[in-house]
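Dropping structure-v8.cif in here (mmCIF, C-alpha atoms):
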```cif
data_final
loop_
_atom_site.label_atom_id
_atom_site.label_comp_id
_atom_site.auth_asym_id
_atom_site.auth_seq_id
_atom_site.Cartn_x
_atom_site.Cartn_y
_atom_site.Cartn_z
CA MET A 22 43.22 17.26 -18.91
CA THR A 23 46.26 16.93 -21.10
CA ASP A 24 49.85 17.72 -20.27
CA SER A 25 50.08 20.09 -23.22
CA ILE A 26 47.49 22.48 -21.84
CA LEU A 27 48.45 26.14 -21.58
CA PRO A 28 46.44 28.99 -20.08
CA GLU A 29 46.34 30.97 -23.29
CA GLY A 30 46.24 28.19 -25.84
CA GLY A 31 43.87 25.48 -24.71
CA VAL A 32 44.54 22.00 -26.10
CA PRO A 33 44.89 20.84 -29.68
CA ALA A 34 41.60 20.11 -31.41
CA PRO A 35 40.96 16.35 -31.71
CA PRO A 36 41.26 14.75 -35.12
CA ASP A 37 38.03 13.60 -36.72
CA ASP A 38 39.22 10.04 -37.34
CA LEU A 39 40.57 8.67 -34.07
CA SER A 40 41.85 5.11 -33.85
CA VAL A 41 40.54 2.87 -31.08
CA LEU A 42 43.68 3.50 -29.02
CA GLY A 43 43.39 7.20 -29.80
CA ARG A 44 39.83 7.24 -28.46
CA TRP A 45 40.88 5.43 -25.30
CA ARG A 46 43.74 7.86 -24.78
CA MET A 47 41.52 10.89 -25.32
CA THR A 48 38.90 9.50 -22.95
CA VAL A 49 41.48 9.01 -20.21
CA GLN A 50 42.92 12.48 -20.77
CA GLN A 51 39.83 14.55 -21.47
CA CYS A 52 36.86 12.55 -20.06
CA ASN A 53 35.09 12.34 -23.42
CA VAL A 54 35.53 11.76 -27.15
CA PRO A 55 33.74 13.07 -30.23
CA ASP A 56 30.67 11.03 -31.22
CA ILE A 57 30.72 8.94 -28.06
CA HIS A 58 27.39 7.29 -28.97
CA HIS A 59 29.05 5.49 -31.89
CA ALA A 60 32.26 4.65 -30.04
CA ASP A 61 33.34 1.13 -29.09
CA PHE A 62 32.25 -0.61 -25.89
CA VAL A 63 35.47 0.08 -23.98
CA THR A 64 35.49 3.79 -24.83
CA ARG A 65 31.89 4.16 -23.71
CA TRP A 66 32.59 2.53 -20.35
CA LEU A 67 35.74 4.58 -19.86
CA VAL A 68 33.47 7.63 -20.13
CA ILE A 69 30.74 6.08 -17.97
CA THR A 70 33.15 5.22 -15.14
CA ARG A 71 35.04 8.53 -15.49
CA ALA A 72 38.39 6.90 -16.18
CA CYS A 73 39.93 10.36 -16.66
CA VAL A 74 40.36 10.61 -12.88
CA PHE A 75 41.72 7.10 -12.33
CA SER A 76 45.28 8.43 -12.48
CA MET A 77 44.91 9.62 -8.87
CA THR A 78 43.96 6.15 -7.66
CA ILE A 79 46.76 4.51 -9.64
CA THR A 80 49.21 7.03 -8.18
CA SER A 81 48.10 6.28 -4.60
CA GLY A 82 48.46 2.54 -5.23
CA VAL A 83 51.90 2.95 -6.78
CA ILE A 84 53.05 5.16 -3.89
CA GLY A 85 51.95 2.48 -1.41
CA THR A 86 53.78 -0.14 -3.47
CA LEU A 87 57.01 1.86 -3.65
CA LEU A 88 56.90 2.60 0.08
CA ALA A 89 56.65 -1.16 0.64
CA ALA A 90 59.70 -1.64 -1.58
CA GLU A 91 61.60 1.11 0.25
CA PHE A 92 60.68 0.27 3.85
CA GLY A 93 59.86 -3.44 3.65
CA GLU A 94 62.24 -6.26 4.40
CA HIS A 95 61.80 -7.89 1.02
CA PHE A 96 60.14 -7.06 -2.28
CA GLY A 97 60.02 -9.76 -4.95
CA TRP A 98 57.61 -11.22 -7.49
CA ARG A 99 55.18 -12.33 -4.77
CA GLU A 100 54.98 -8.81 -3.39
CA PHE A 101 54.62 -7.41 -6.90
CA GLY A 102 51.63 -9.70 -7.49
CA LEU A 103 49.99 -8.59 -4.24
CA ALA A 104 50.59 -4.96 -5.21
CA LEU A 105 48.99 -5.49 -8.61
CA LEU A 106 45.91 -7.04 -7.02
CA ALA A 107 45.66 -4.18 -4.54
CA VAL A 108 45.79 -1.54 -7.29
CA VAL A 109 43.17 -3.39 -9.37
CA GLY A 110 40.97 -3.48 -6.27
CA LEU A 111 41.41 0.27 -5.75
CA LEU A 112 40.47 1.00 -9.37
CA ALA A 113 37.39 -1.23 -9.14
CA ALA A 114 36.32 0.57 -5.96
CA HIS A 115 36.87 3.99 -7.56
CA ALA A 116 34.86 3.02 -10.65
CA THR A 117 32.05 1.66 -8.46
CA ASN A 118 31.92 4.88 -6.48
CA ASN A 119 31.67 6.95 -9.67
CA LEU A 120 28.83 4.80 -10.98
CA ILE A 121 26.88 4.96 -7.72
CA ASN A 122 27.53 8.70 -7.41
CA ASP A 123 26.09 9.39 -10.88
CA TYR A 124 23.15 7.04 -10.26
CA VAL A 125 22.22 8.60 -6.90
CA ASP A 126 22.69 12.22 -8.05
CA THR A 127 20.53 11.58 -11.11
CA ARG A 128 17.78 9.96 -9.04
CA ARG A 129 17.84 12.88 -6.59
CA GLY A 130 17.69 15.46 -9.35
CA VAL A 131 21.15 16.89 -8.63
CA ASP A 132 22.60 15.90 -12.00
CA THR A 133 20.68 17.68 -14.75
CA GLU A 134 21.54 18.81 -18.25
CA ASP A 135 22.40 22.27 -16.86
CA TYR A 136 24.56 20.91 -14.01
CA PRO A 137 28.34 20.86 -14.74
CA ARG A 138 28.44 17.04 -14.50
CA GLY A 139 26.22 16.85 -17.57
CA GLN A 140 28.16 19.46 -19.54
CA TYR A 141 31.90 18.68 -19.41
CA ALA A 142 31.32 15.08 -20.56
CA THR A 143 28.42 13.00 -21.76
CA HIS A 144 26.46 11.94 -18.68
CA PRO A 145 26.02 8.13 -18.54
CA LEU A 146 22.28 8.36 -17.87
CA LEU A 147 21.21 11.80 -19.07
CA GLY A 148 23.28 11.32 -22.23
CA GLY A 149 21.87 7.87 -22.93
CA LEU A 150 25.17 5.97 -22.73
CA THR A 151 23.65 3.32 -20.49
CA THR A 152 20.56 2.56 -18.41
CA PRO A 153 20.14 2.72 -14.63
CA ASN A 154 19.91 -1.08 -14.45
CA ARG A 155 23.10 -1.56 -16.47
CA MET A 156 24.87 1.02 -14.35
CA LEU A 157 23.88 -0.80 -11.17
CA ALA A 158 24.86 -4.12 -12.74
CA GLY A 159 28.28 -2.72 -13.56
CA ALA A 160 28.69 -1.47 -10.00
CA PHE A 161 27.62 -4.89 -8.68
CA LEU A 162 30.16 -6.77 -10.84
CA LEU A 163 32.95 -4.40 -9.83
CA THR A 164 31.98 -4.87 -6.17
CA LEU A 165 32.18 -8.65 -6.58
CA LEU A 166 35.66 -8.27 -8.05
CA ASP A 167 36.65 -6.06 -5.13
CA LEU A 168 35.22 -8.54 -2.64
CA ALA A 169 37.21 -11.41 -4.17
CA ILE A 170 40.45 -9.40 -4.10
CA MET A 171 39.80 -8.26 -0.52
CA LEU A 172 39.19 -11.79 0.75
CA TYR A 173 42.26 -13.16 -1.03
CA LEU A 174 44.56 -10.45 0.32
CA ALA A 175 43.03 -10.84 3.79
CA SER A 176 43.73 -14.60 3.69
CA ILE A 177 47.39 -13.79 3.16
CA GLN A 178 48.01 -10.65 5.24
CA GLY A 179 45.23 -10.64 7.83
CA GLU A 180 41.89 -9.10 8.70
CA LEU A 181 43.15 -5.52 8.61
CA VAL A 182 42.86 -5.72 4.82
CA ILE A 183 39.10 -5.99 5.32
CA ALA A 184 39.16 -3.02 7.70
CA PHE A 185 40.90 -0.85 5.11
CA ALA A 186 38.55 -1.96 2.32
CA LEU A 187 35.36 -1.51 4.32
CA SER A 188 36.48 1.88 5.62
CA GLY A 189 37.06 3.04 2.06
CA PHE A 190 33.70 1.64 0.97
CA LEU A 191 31.80 3.30 3.81
CA LEU A 192 33.48 6.66 3.26
CA SER A 193 32.86 6.48 -0.49
CA MET A 194 29.17 5.67 -0.02
CA GLY A 195 28.96 8.27 2.73
CA TYR A 196 30.45 10.86 0.40
CA THR A 197 27.76 10.21 -2.19
CA SER A 198 24.84 10.35 0.22
CA ILE A 199 25.91 12.64 3.09
CA LEU A 200 29.49 13.88 3.42
CA LYS A 201 29.76 16.07 0.32
CA ARG A 202 26.55 17.84 1.42
CA PHE A 203 28.06 18.96 4.73
CA ALA A 204 31.53 20.27 3.77
CA LEU A 205 33.18 16.92 4.59
CA GLY A 206 33.82 15.66 1.07
CA GLU A 207 37.24 17.23 0.78
CA ILE A 208 38.59 15.75 4.01
CA THR A 209 37.12 12.42 2.91
CA ALA A 210 39.18 12.57 -0.29
CA LEU A 211 42.35 13.25 1.73
CA VAL A 212 41.68 10.26 3.99
CA VAL A 213 40.69 7.86 1.20
CA TRP A 214 43.42 8.67 -1.34
CA GLY A 215 46.01 9.19 1.39
CA PRO A 216 46.01 6.85 4.43
CA LEU A 217 43.39 4.34 3.27
CA MET A 218 44.70 3.72 -0.25
CA ILE A 219 48.43 4.22 0.33
CA VAL A 220 48.71 2.60 3.76
CA GLY A 221 46.17 -0.03 2.75
CA THR A 222 48.26 -0.98 -0.28
CA TYR A 223 51.41 -1.04 1.86
CA TYR A 224 49.73 -3.36 4.38
CA SER A 225 48.36 -5.62 1.63
CA ILE A 226 51.92 -6.14 0.42
CA THR A 227 53.86 -6.32 3.69
CA GLY A 228 51.30 -7.33 6.31
CA GLU A 229 52.72 -4.57 8.51
CA LEU A 230 51.78 -1.08 9.66
CA ALA A 231 54.43 1.60 10.11
CA PRO A 232 53.84 5.14 11.44
CA ARG A 233 56.10 6.70 8.81
CA VAL A 234 53.94 5.25 6.03
CA TRP A 235 50.89 7.00 7.49
CA TRP A 236 52.78 10.30 7.47
CA ALA A 237 54.15 9.67 3.98
CA SER A 238 50.60 9.16 2.70
CA LEU A 239 49.44 12.67 3.60
CA PRO A 240 51.06 14.84 0.88
CA TYR A 241 49.49 13.04 -2.06
CA GLY A 242 46.17 12.64 -0.25
CA LEU A 243 46.14 16.40 0.21
CA ILE A 244 46.55 17.25 -3.46
CA VAL A 245 43.84 14.75 -4.37
CA ALA A 246 41.64 16.71 -1.96
CA SER A 247 42.71 19.87 -3.81
CA VAL A 248 41.27 18.42 -7.02
CA LEU A 249 37.92 17.93 -5.27
CA ILE A 250 38.10 21.47 -3.90
CA GLY A 251 38.59 22.74 -7.45
CA LYS A 252 35.66 20.66 -8.66
CA HIS A 253 33.39 22.04 -5.96
CA ILE A 254 34.50 25.60 -6.72
CA ASP A 255 33.41 25.01 -10.31
CA LYS A 256 30.00 23.86 -9.08
CA ILE A 257 29.56 26.42 -6.31
CA GLU A 258 26.49 28.17 -7.72
CA GLU A 259 24.77 24.97 -8.80
CA ASP A 260 25.50 23.33 -5.42
CA LYS A 261 23.95 26.29 -3.61
CA LYS A 262 20.74 25.78 -5.60
CA SER A 263 20.80 22.05 -4.80
CA HIS A 264 21.38 22.75 -1.07
CA ILE A 265 24.75 20.96 -1.16
CA ARG A 266 27.02 22.62 1.40
CA SER A 267 30.40 21.72 -0.03
CA LEU A 268 33.45 23.42 1.47
CA PRO A 269 33.54 26.10 -1.28
CA VAL A 270 29.83 26.82 -0.69
CA VAL A 271 30.60 27.37 3.00
CA LEU A 272 33.75 29.44 2.40
CA GLY A 273 32.63 31.40 -0.64
CA LEU A 274 34.46 31.77 -3.95
CA LYS A 275 37.29 34.11 -2.87
CA HIS A 276 38.23 32.19 0.27
CA SER A 277 37.88 28.85 -1.51
CA ILE A 278 40.48 29.87 -4.09
CA LEU A 279 42.80 30.98 -1.29
CA PHE A 280 42.22 27.66 0.46
CA LEU A 281 42.98 25.79 -2.77
CA LYS A 282 46.28 27.66 -3.11
CA ALA A 283 47.04 26.85 0.52
CA THR A 284 46.74 23.11 -0.14
CA PHE A 285 49.56 23.35 -2.69
CA VAL A 286 51.76 25.20 -0.20
CA VAL A 287 51.03 22.68 2.58
CA PHE A 288 51.81 19.84 0.14
CA TYR A 289 55.37 21.11 -0.18
CA LEU A 290 55.67 21.89 3.52
CA LEU A 291 54.75 18.27 4.27
CA ILE A 292 57.30 17.00 1.75
CA PHE A 293 60.08 19.10 3.26
CA ALA A 294 59.09 18.12 6.82
CA LEU A 295 59.07 14.40 5.94
CA VAL A 296 62.55 14.63 4.43
CA PHE A 297 63.89 16.80 7.28
CA GLN A 298 62.61 14.29 9.85
CA GLN A 299 64.07 11.44 7.76
CA THR A 300 60.64 9.87 7.57
CA ILE A 301 61.13 9.45 3.86
CA GLY A 302 64.17 9.52 1.60
CA PHE A 303 65.80 12.68 0.25
CA TRP A 304 64.90 12.12 -3.39
CA VAL A 305 61.20 12.96 -3.01
CA LEU A 306 62.36 16.57 -3.01
CA ILE A 307 62.37 16.15 -6.78
CA THR A 308 58.67 17.05 -6.53
CA ALA A 309 59.92 20.64 -6.36
CA LEU A 310 60.19 20.43 -10.16
CA ALA A 311 56.39 20.48 -10.29
CA GLY A 312 56.75 24.05 -9.08
CA VAL A 313 57.00 25.04 -12.73
CA ARG A 314 53.40 23.93 -13.22
CA LEU A 315 52.37 25.34 -9.86
CA ARG A 316 53.58 28.76 -10.96
CA THR A 317 51.28 28.58 -13.99
CA VAL A 318 48.37 27.26 -11.91
CA TRP A 319 48.89 29.95 -9.29
CA ALA A 320 48.77 32.66 -11.95
CA VAL A 321 45.56 31.23 -13.43
CA LEU A 322 43.89 30.94 -10.03
CA SER A 323 44.73 34.60 -9.39
CA LEU A 324 42.63 35.66 -12.39
CA PRO A 325 38.85 35.51 -12.82
CA LYS A 326 37.44 32.43 -14.52
CA PRO A 327 36.77 33.08 -18.22
CA GLN A 328 33.19 33.99 -19.04
CA GLU A 329 33.21 31.81 -22.15
CA LYS A 330 34.81 28.51 -23.04
CA PRO A 331 38.48 28.97 -24.09
CA LYS A 332 39.44 27.60 -27.48
CA ASN A 333 39.61 23.78 -27.48
CA TRP A 334 39.14 23.58 -23.71
CA PRO A 335 38.10 19.92 -23.17
CA VAL A 336 36.11 19.97 -19.92
CA TRP A 337 34.13 23.22 -19.91
CA PRO A 338 32.47 24.54 -17.74
CA LEU A 339 35.01 23.01 -15.34
CA TRP A 340 38.01 25.25 -14.77
CA TYR A 341 39.50 25.13 -11.29
CA VAL A 342 39.43 21.34 -11.09
CA ALA A 343 41.25 21.07 -14.41
CA TRP A 344 44.09 23.27 -13.20
CA SER A 345 44.23 21.42 -9.88
CA MET A 346 44.56 18.16 -11.81
CA TYR A 347 47.24 19.74 -14.00
CA PHE A 348 49.42 20.21 -10.91
CA ASN A 349 48.31 16.94 -9.30
CA ARG A 350 49.51 14.80 -12.20
CA ALA A 351 52.97 16.36 -12.34
CA ALA A 352 53.44 16.31 -8.56
CA GLY A 353 52.22 12.71 -8.34
CA VAL A 354 54.54 11.48 -11.08
CA LEU A 355 57.52 13.28 -9.56
CA PHE A 356 56.69 11.89 -6.10
CA ILE A 357 56.79 8.41 -7.65
CA VAL A 358 60.09 9.17 -9.39
CA GLY A 359 61.53 10.37 -6.08
CA LEU A 360 60.48 7.14 -4.35
CA ILE A 361 62.08 5.09 -7.14
CA PHE A 362 65.33 7.03 -6.67
CA ASN A 363 65.10 6.42 -2.91
CA ILE A 364 64.79 2.68 -3.53
CA ALA A 365 67.69 2.71 -5.98
CA ALA A 366 69.85 4.61 -3.48
CA ARG A 367 68.93 2.14 -0.73
CA TYR A 368 70.03 -0.86 -2.78
CA LEU A 369 73.15 0.85 -4.08
CA PHE A 370 74.37 1.87 -0.64
CA HIS A 371 73.49 -1.49 0.91
CA ALA A 372 74.83 -3.63 -1.90
#
```
Hey, can you dump this file as structure tokens for me?
Amino acid sequence: MTDSILPEGGVPAPPDDLSVLGRWRMTVQQCNVPDIHHADFVTRWLVITRACVFSMTITSGVIGTLLAAEFGEHFGWREFGLALLAVVGLLAAHATNNLINDYVDTRRGVDTEDYPRGQYATHPLLGGLTTPNRMLAGAFLLTLLDLAIMLYLASIQGELVIAFALSGFLLSMGYTSILKRFALGEITALVVWGPLMIVGTYYSITGELAPRVWWASLPYGLIVASVLIGKHIDKIEEDKKSHIRSLPVVLGLKHSILFLKATFVVFYLLIFALVFQQTIGFWVLITALAGVRLRTVWAVLSLPKPQEKPKNWPVWPLWYVAWSMYFNRAAGVLFIVGLIFNIAARYLFHA
């Protein structure tokens, strides 16, 4: 999903001769590139691991890091190094989950050529980008990397690092095998990308737990959950056939769209409440600027989904998830900017 997307105009058509960096950028933005089978190794694995959704994990890690800088006693190069390791660990865990999810869903017959997962981007297995054994090998190597990072951070900050990591692992594996089938996938996303990632990163840096950090983790966790709600709305008919009772399957299309809109409203209510209670600094109110995008998203969600693929739309047949991500990226970036301003204000007024 690119930042230039408009409801009536789609996105610019990709050039035929992309540079290596251009292919990487397109993969991260749009989940795929033209002629992926002849692309370089990195581009192929960016598609295989679904790097186009890594921005949410990076955002959660950065939020946890900035909260450590704002609330912690000290933030220097040592803390920066710990933060970097924590974010790398989160990305490795996210990539592993995506690989296992695609592997399991393919083995169970959920992912098929007609299922949305195999249409909006080249499927790693169905599209012949890799083999099941290579996919599992990739997941194994990423898990080893995660294990090494977890043990190192735990040796510095304590065993709670392991608790955060294992909780995230169990919920991620549970999502793939059980939770998403019983309308629990969305709440799992809120917990993982909110408290587990953000508070876990904060603890990995500071070695401390603070109630206000838990509360501050909820707004972004919620709009990550909104992205998953949008994704499951897009797959509602296919999930019914596969006996997957996602939240949209349980609620139905109309009520699911209303629920999706409600998550955006609650996101802002949480932001305002956190500032009013002085749980977090004033400058996060800058997220209100994302309201410009929310107005567009709200208008799109109020209209029926197009029957045919809009011109140059990159992730068809996905629709609702793309617009949820469109708001998510702007709100996440502005939340980060607000935290940076809070840190700057803290140092200026205490200088």
Interface rows for segment 271-304 of chain A against segment 333-341 of chain A: nearest pair, Å to one decimal, 12 Å, all atoms listed in the file, as CSV:
```
residue,atom,partner,partner_atom,distance
A:Leu274,CA,A:Tyr341,CA,11.1
A:Ser277,CA,A:Tyr341,CA,10.6
A:Ile278,CA,A:Tyr341,CA,8.7
A:Leu281,CA,A:Tyr341,CA,9.2
A:Lys282,CA,A:Tyr341,CA,10.9
```
task: Find the residues near segment 197-210 of chain A: any atom within 12 Å, counting all atoms listed in the file, skip ones fewer than 5 places away on the same chain, and give them as an MDAnalysis selection string.
output: chainID A and resid 77:78 81 115 117:129 131 188:192 215:218 239 241:254 257 260:261 263:272 277 280:281 284
- prompt: If you measure from atom CA of Val296 of chain A to atom CA of Leu181 of chain A, what distance in Å do you get, rounded to one decimal?
  reply: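 The value is 28.3 Å.
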Expansion of the PyMOL selection byres ((chain A and resi 116) around 10) into residues, as an mmCIF file with C-alpha atoms, in the coordinates of the input:
```cif
data_model
loop_
_atom_site.group_PDB
_atom_site.id
_atom_site.type_symbol
_atom_site.label_atom_id
_atom_site.label_comp_id
_atom_site.auth_asym_id
_atom_site.auth_seq_id
_atom_site.Cartn_x
_atom_site.Cartn_y
_atom_site.Cartn_z
ATOM 1 C CA TRP A 66 32.590 2.530 -20.350
ATOM 2 C CA LEU A 67 35.740 4.580 -19.860
ATOM 3 C CA ILE A 69 30.740 6.080 -17.970
ATOM 4 C CA THR A 70 33.150 5.220 -15.140
ATOM 5 C CA ARG A 71 35.040 8.530 -15.490
ATOM 6 C CA ALA A 72 38.390 6.900 -16.180
ATOM 7 C CA VAL A 74 40.360 10.610 -12.880
ATOM 8 C CA PHE A 75 41.720 7.100 -12.330
ATOM 9 C CA GLY A 110 40.970 -3.480 -6.270
ATOM 10 C CA LEU A 111 41.410 0.270 -5.750
ATOM 11 C CA LEU A 112 40.470 1.000 -9.370
ATOM 12 C CA ALA A 113 37.390 -1.230 -9.140
ATOM 13 C CA ALA A 114 36.320 0.570 -5.960
ATOM 14 C CA HIS A 115 36.870 3.990 -7.560
ATOM 15 C CA THR A 117 32.050 1.660 -8.460
ATOM 16 C CA ASN A 118 31.920 4.880 -6.480
ATOM 17 C CA ASN A 119 31.670 6.950 -9.670
ATOM 18 C CA LEU A 120 28.830 4.800 -10.980
ATOM 19 C CA ILE A 121 26.880 4.960 -7.720
ATOM 20 C CA ASN A 122 27.530 8.700 -7.410
ATOM 21 C CA GLY A 159 28.280 -2.720 -13.560
ATOM 22 C CA ALA A 160 28.690 -1.470 -10.000
ATOM 23 C CA LEU A 163 32.950 -4.400 -9.830
ATOM 24 C CA THR A 164 31.980 -4.870 -6.170
#
```
query: So which one's closest to Ala343 of chain A, A:Ala169, A:Val318, A:Leu103, A:Leu147? Using only C-alpha atoms, please.
result: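 Using only C-alpha atoms, Ala343 of chain A sits closest to A:Val318.
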- prompt: Can you list, as a PyMOL selection string, every protein, DNA or RNA residue that comes within 10 Å of Ala142 of chain A when you count only C-alpha atoms, leaving out same-chain residues fewer than 2 positions away?
  reply: chain A and resi 48+51-54+57+68-69+71+137-140+144-145+148+335-338
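Restricting the calculation to all atoms listed in the file, the smallest distance between Trp304 of chain A and any of A:Gly43, A:Pro327, A:Pro55, A:Gly359 is found for A:Gly359.
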field: Among the residues A:Val63, A:Ala351, A:Ala311, A:Ile84, the one that comes closest to Leu150 of chain A [using only C-alpha atoms]
entry: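 Result for the nearest residue to Leu150 of chain A: A:Val63.
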message: Please determine, counting only C-alpha atoms, which residue among A:Ile301, A:Leu355, A:Leu42, A:Leu322 has the shortest atom-to-atom distance to Val342 of chain A.
response: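 Distance minimum relative to Val342 of chain A lands on A:Leu322.
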- prompt: Quick one: distance from atom CA of Val83 of chain A to atom CA of Gln50 of chain A in Å, one decimal?
  reply: 19.2 Å
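You can rank A:Ile226, A:Val108, A:Leu157, A:Leu279 by their closest distance to Leu88 of chain A using all atoms listed in the file, and at the top of that list sits A:Ile226.
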Reference answer for the PyMOL selection byres ((chain A and resi 227) around 12), as a PyMOL selection string: chain A and resi 85-97+99-104+107+174-175+177-179+181-182+220-226+228-231+234
message: Just checking: using only C-alpha atoms, which residue out of A:Tyr173, A:Trp98, A:Trp214, A:Trp235 ends up closest to Ser193 of chain A?
response: A:Trp214
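Atom CA of Leu106 of chain A lies 21.8 Å from atom CA of Phe356 of chain A.
Excluding Ala352 of chain A itself and same-chain residues fewer than 4 positions from it, the residues having an atom within 10 Å of it are Pro240, Tyr241, Ile244, Phe285, Phe288, Tyr289, Ile307, Thr308, Ala309, Leu310, Ala311, Gly312, Arg314, Leu315, Met346, Tyr347, Phe348, Phe356, Ile357 and Val358 of chain A, counting all atoms listed in the file.
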